[in-house]
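Asker: This structure is in structure tokens; I'll ask about it shortly.
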Amino acid sequence: MTIYTITKFLHVVLAIIAVGFNASYGIWIVRSARDPEHIGFAMRTIKFLDDRFANPAYGLLLLTGLFMVFNAGYPLTTFWIAAAIVLYVIVLVLAFTVISPNFRAQLRALETDGPQSDTFRAAAARGRTFGILILVLVLAIVFLMVVKPTLS
């Protein structure tokens with residue numbers, strides 16, 4: 001067993017945690033929308049899972065991924081690596097500039113105006129749209145990491 005193998009195992013576990021938690025957020029939201037008195041609980045739980053598990057896992061994914069790239073001697077310009085890094089940066093920018101501020105605004109609207117307010121609904125719609133976009137981008141990264149396509 002090598003440090004590379006252990007790192008790869010950790011990398012896969014981190015991907016399961018990050019992508020798995022993120023994929024569950026839609027379920028939390030849909031279930032709580034059917035029972036509006038629990039929307040606040042669901043949203044605070046999503047924030048907790050995101051802050052404590054998913055986001056740290058995404059950060060560690062970058063570190064373990066880069067470690068494996070350098071350890072294996074792959075150039076960062078390898079198509080599947082470069083494409084994944086570009087997508088990762090796009091996801092990061094969207095997360096910090098759109099998703100997180102919108103989620104805070106949605107939670108604030110819920111607490112001040114309630115789940116039926118136009119402010120809450122608009123933030124929820126934005127969250128849905130950008131959440132789906134992020135999920136597609138993250139799945140594209142997973143695809144690149146698993147399939148490792150080349151441009152030959």
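Note on naming: chains are A, B, ... as they come in the structure tokens, residues start from 1 per chain, ligands start from 1 in the order shown.
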Would you mind listing what lies within 12 Å of A:Ser32 as a list in words, with only C-alpha atoms counted and same-chain residues fewer than 3 positions away left out?
Answerer: Tyr25, Gly26, Ile27, Trp28, Ile29, Asp35, Pro36, Glu37, His38, Ile39, Gly40, Phe41, Ala42, Met43, Arg44, Thr45, Ile46 and Pro115 of chain A
Asker: Would you list the contacts of A:Val69 as a ChimeraX atom specification, taking every protein, DNA or RNA residue within 12 Å and counting only C-alpha atoms, but skipping same-chain residues closer than 3 positions in sequence?
Answerer: /A:4,7-8,11,61-66,72-78,80-82,85,145
Asker: Calculated over only C-alpha atoms, which of the candidates A:Gln106, A:Asn71, A:Thr119, A:Thr150 has the smallest distance to A:Thr2?
Answerer: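 Of A:Gln106, A:Asn71, A:Thr119, A:Thr150, the one nearest A:Thr2 is A:Asn71, counting only C-alpha atoms.
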Asker: Fewer than 2 positions away in the same chain doesn't count, so skip those; otherwise give me all residues within 12 Å of A:Phe120, counting only C-alpha atoms, as a PyMOL selection string.
Answerer: chain A and resi 39-40+102-118+122-127
Asker: Can I get the selection written as a JSON list (two decimals), in the first residue's frame, with N, CA and C atoms?
Answerer:
[["chain", "number", "residue", "atom", "x", "y", "z"],
["A", 39, "ILE", "N", -39.43, 24.03, 7.01],
["A", 39, "ILE", "CA", -38.50, 24.57, 6.02],
["A", 39, "ILE", "C", -37.27, 25.16, 6.71],
["A", 40, "GLY", "N", -37.49, 25.91, 7.77],
["A", 40, "GLY", "CA", -36.36, 26.51, 8.49],
["A", 40, "GLY", "C", -35.40, 25.46, 9.02],
["A", 102, "ASN", "N", -27.07, 33.83, -1.91],
["A", 102, "ASN", "CA", -28.50, 33.59, -2.15],
["A", 102, "ASN", "C", -29.10, 32.75, -1.04],
["A", 103, "PHE", "N", -28.37, 31.74, -0.57],
["A", 103, "PHE", "CA", -28.89, 30.89, 0.50],
["A", 103, "PHE", "C", -29.10, 31.71, 1.78],
["A", 104, "ARG", "N", -28.13, 32.59, 2.07],
["A", 104, "ARG", "CA", -28.30, 33.46, 3.25],
["A", 104, "ARG", "C", -29.52, 34.36, 3.08],
["A", 105, "ALA", "N", -29.70, 34.91, 1.89],
["A", 105, "ALA", "CA", -30.86, 35.77, 1.61],
["A", 105, "ALA", "C", -32.16, 34.98, 1.73],
["A", 106, "GLN", "N", -32.15, 33.76, 1.25],
["A", 106, "GLN", "CA", -33.34, 32.91, 1.34],
["A", 106, "GLN", "C", -33.68, 32.60, 2.79],
["A", 107, "LEU", "N", -32.68, 32.28, 3.58],
["A", 107, "LEU", "CA", -32.90, 32.00, 5.00],
["A", 107, "LEU", "C", -33.40, 33.24, 5.73],
["A", 108, "ARG", "N", -32.81, 34.39, 5.41],
["A", 108, "ARG", "CA", -33.25, 35.65, 6.00],
["A", 108, "ARG", "C", -34.70, 35.96, 5.63],
["A", 109, "ALA", "N", -35.06, 35.75, 4.35],
["A", 109, "ALA", "CA", -36.43, 35.98, 3.89],
["A", 109, "ALA", "C", -37.40, 35.03, 4.58],
["A", 110, "LEU", "N", -36.98, 33.80, 4.78],
["A", 110, "LEU", "CA", -37.82, 32.84, 5.48],
["A", 110, "LEU", "C", -38.11, 33.30, 6.90],
["A", 111, "GLU", "N", -37.05, 33.76, 7.59],
["A", 111, "GLU", "CA", -37.19, 34.16, 8.98],
["A", 111, "GLU", "C", -37.96, 35.46, 9.14],
["A", 112, "THR", "N", -37.85, 36.38, 8.17],
["A", 112, "THR", "CA", -38.53, 37.68, 8.31],
["A", 112, "THR", "C", -39.88, 37.73, 7.62],
["A", 113, "ASP", "N", -40.00, 37.11, 6.44],
["A", 113, "ASP", "CA", -41.23, 37.24, 5.65],
["A", 113, "ASP", "C", -42.02, 35.95, 5.52],
["A", 114, "GLY", "N", -41.40, 34.82, 5.80],
["A", 114, "GLY", "CA", -42.10, 33.54, 5.71],
["A", 114, "GLY", "C", -41.93, 32.85, 4.37],
["A", 115, "PRO", "N", -42.32, 31.57, 4.31],
["A", 115, "PRO", "CA", -42.09, 30.77, 3.11],
["A", 115, "PRO", "C", -42.99, 31.13, 1.93],
["A", 116, "GLN", "N", -44.05, 31.90, 2.17],
["A", 116, "GLN", "CA", -44.94, 32.27, 1.07],
["A", 116, "GLN", "C", -44.59, 33.62, 0.45],
["A", 117, "SER", "N", -43.59, 34.29, 0.99],
["A", 117, "SER", "CA", -43.23, 35.62, 0.51],
["A", 117, "SER", "C", -42.58, 35.56, -0.87],
["A", 118, "ASP", "N", -42.74, 36.64, -1.62],
["A", 118, "ASP", "CA", -42.12, 36.73, -2.94],
["A", 118, "ASP", "C", -40.60, 36.69, -2.83],
["A", 122, "ALA", "N", -38.46, 33.88, -4.69],
["A", 122, "ALA", "CA", -37.47, 34.27, -5.72],
["A", 122, "ALA", "C", -36.10, 33.69, -5.37],
["A", 123, "ALA", "N", -35.72, 33.77, -4.10],
["A", 123, "ALA", "CA", -34.43, 33.20, -3.68],
["A", 123, "ALA", "C", -34.43, 31.69, -3.84],
["A", 124, "ALA", "N", -35.57, 31.06, -3.54],
["A", 124, "ALA", "CA", -35.67, 29.60, -3.70],
["A", 124, "ALA", "C", -35.53, 29.21, -5.18],
["A", 125, "ALA", "N", -36.14, 29.98, -6.06],
["A", 125, "ALA", "CA", -36.05, 29.69, -7.50],
["A", 125, "ALA", "C", -34.60, 29.86, -7.98],
["A", 126, "ARG", "N", -33.94, 30.94, -7.54],
["A", 126, "ARG", "CA", -32.53, 31.13, -7.89],
["A", 126, "ARG", "C", -31.68, 29.98, -7.36],
["A", 127, "GLY", "N", -31.95, 29.60, -6.13],
["A", 127, "GLY", "CA", -31.20, 28.50, -5.52],
["A", 127, "GLY", "C", -31.38, 27.20, -6.29]]
Asker: Quick one: pull the distance between atom CA of A:Lys47 and atom CA of A:Phe67, Å, one decimal.
Answerer: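 Taking atom CA of A:Lys47 as the start and atom CA of A:Phe67 as the end point, the length is 28.7 Å.
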Asker: Go through A:Tyr58, A:Phe143, A:Phe21, A:Phe130 and flag the residue nearest A:Ser100, using only C-alpha atoms for the distances.
Answerer: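 Distance minimum relative to A:Ser100 lands on A:Phe130.
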Asker: Go through A:Val147, A:Leu60, A:Met68, A:Ile132 one by one, measure the shortest atom-to-atom distance of each to A:Thr5 using only C-alpha atoms, and give the residue with the smallest value.
Answerer: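 Once distances to A:Thr5 are computed over only C-alpha atoms, the minimum belongs to A:Met68.
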Asker: Which one of A:Ile17, A:Ala23, A:Leu87, A:Ile6 sits closest to A:Phe53 if you count only C-alpha atoms?
Answerer: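 Closest to A:Phe53, using only C-alpha atoms: A:Ile17.
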Asker: What's the 10 Å shell around A:Tyr88, counting only C-alpha atoms, without same-chain residues fewer than 4 positions away, as a VMD selection string?
Answerer: chain A and resid 58 62 82 to 84 92 to 94 134 137 to 138 140 to 141
Asker: To one decimal place, how far is atom CA of A:Gly20 from atom CA of A:Met1 in Å?
Answerer: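 If I compute the distance from atom CA of A:Gly20 to atom CA of A:Met1, I get 27.0 Å.
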Asker: Quick one: everything within 9 Å of A:Phe79, counting only C-alpha atoms, minus sequence neighbours fewer than 6 positions away in the same chain. Send it as a count of residues only.
Answerer: 4
Asker: Which is closest to A:Ser24 among A:Ile90, A:Leu10, A:Leu135, A:Val146, if we use only C-alpha atoms?
Answerer: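 The answer is A:Leu135, which sits nearest to A:Ser24.
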Asker: Return the single residue from A:Ile16, A:Leu133, A:Ala33, A:Val86 that is closest to A:Val98, with distances computed using only C-alpha atoms.
Answerer: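 With only C-alpha atoms as the atom set, the closest residue is A:Leu133.
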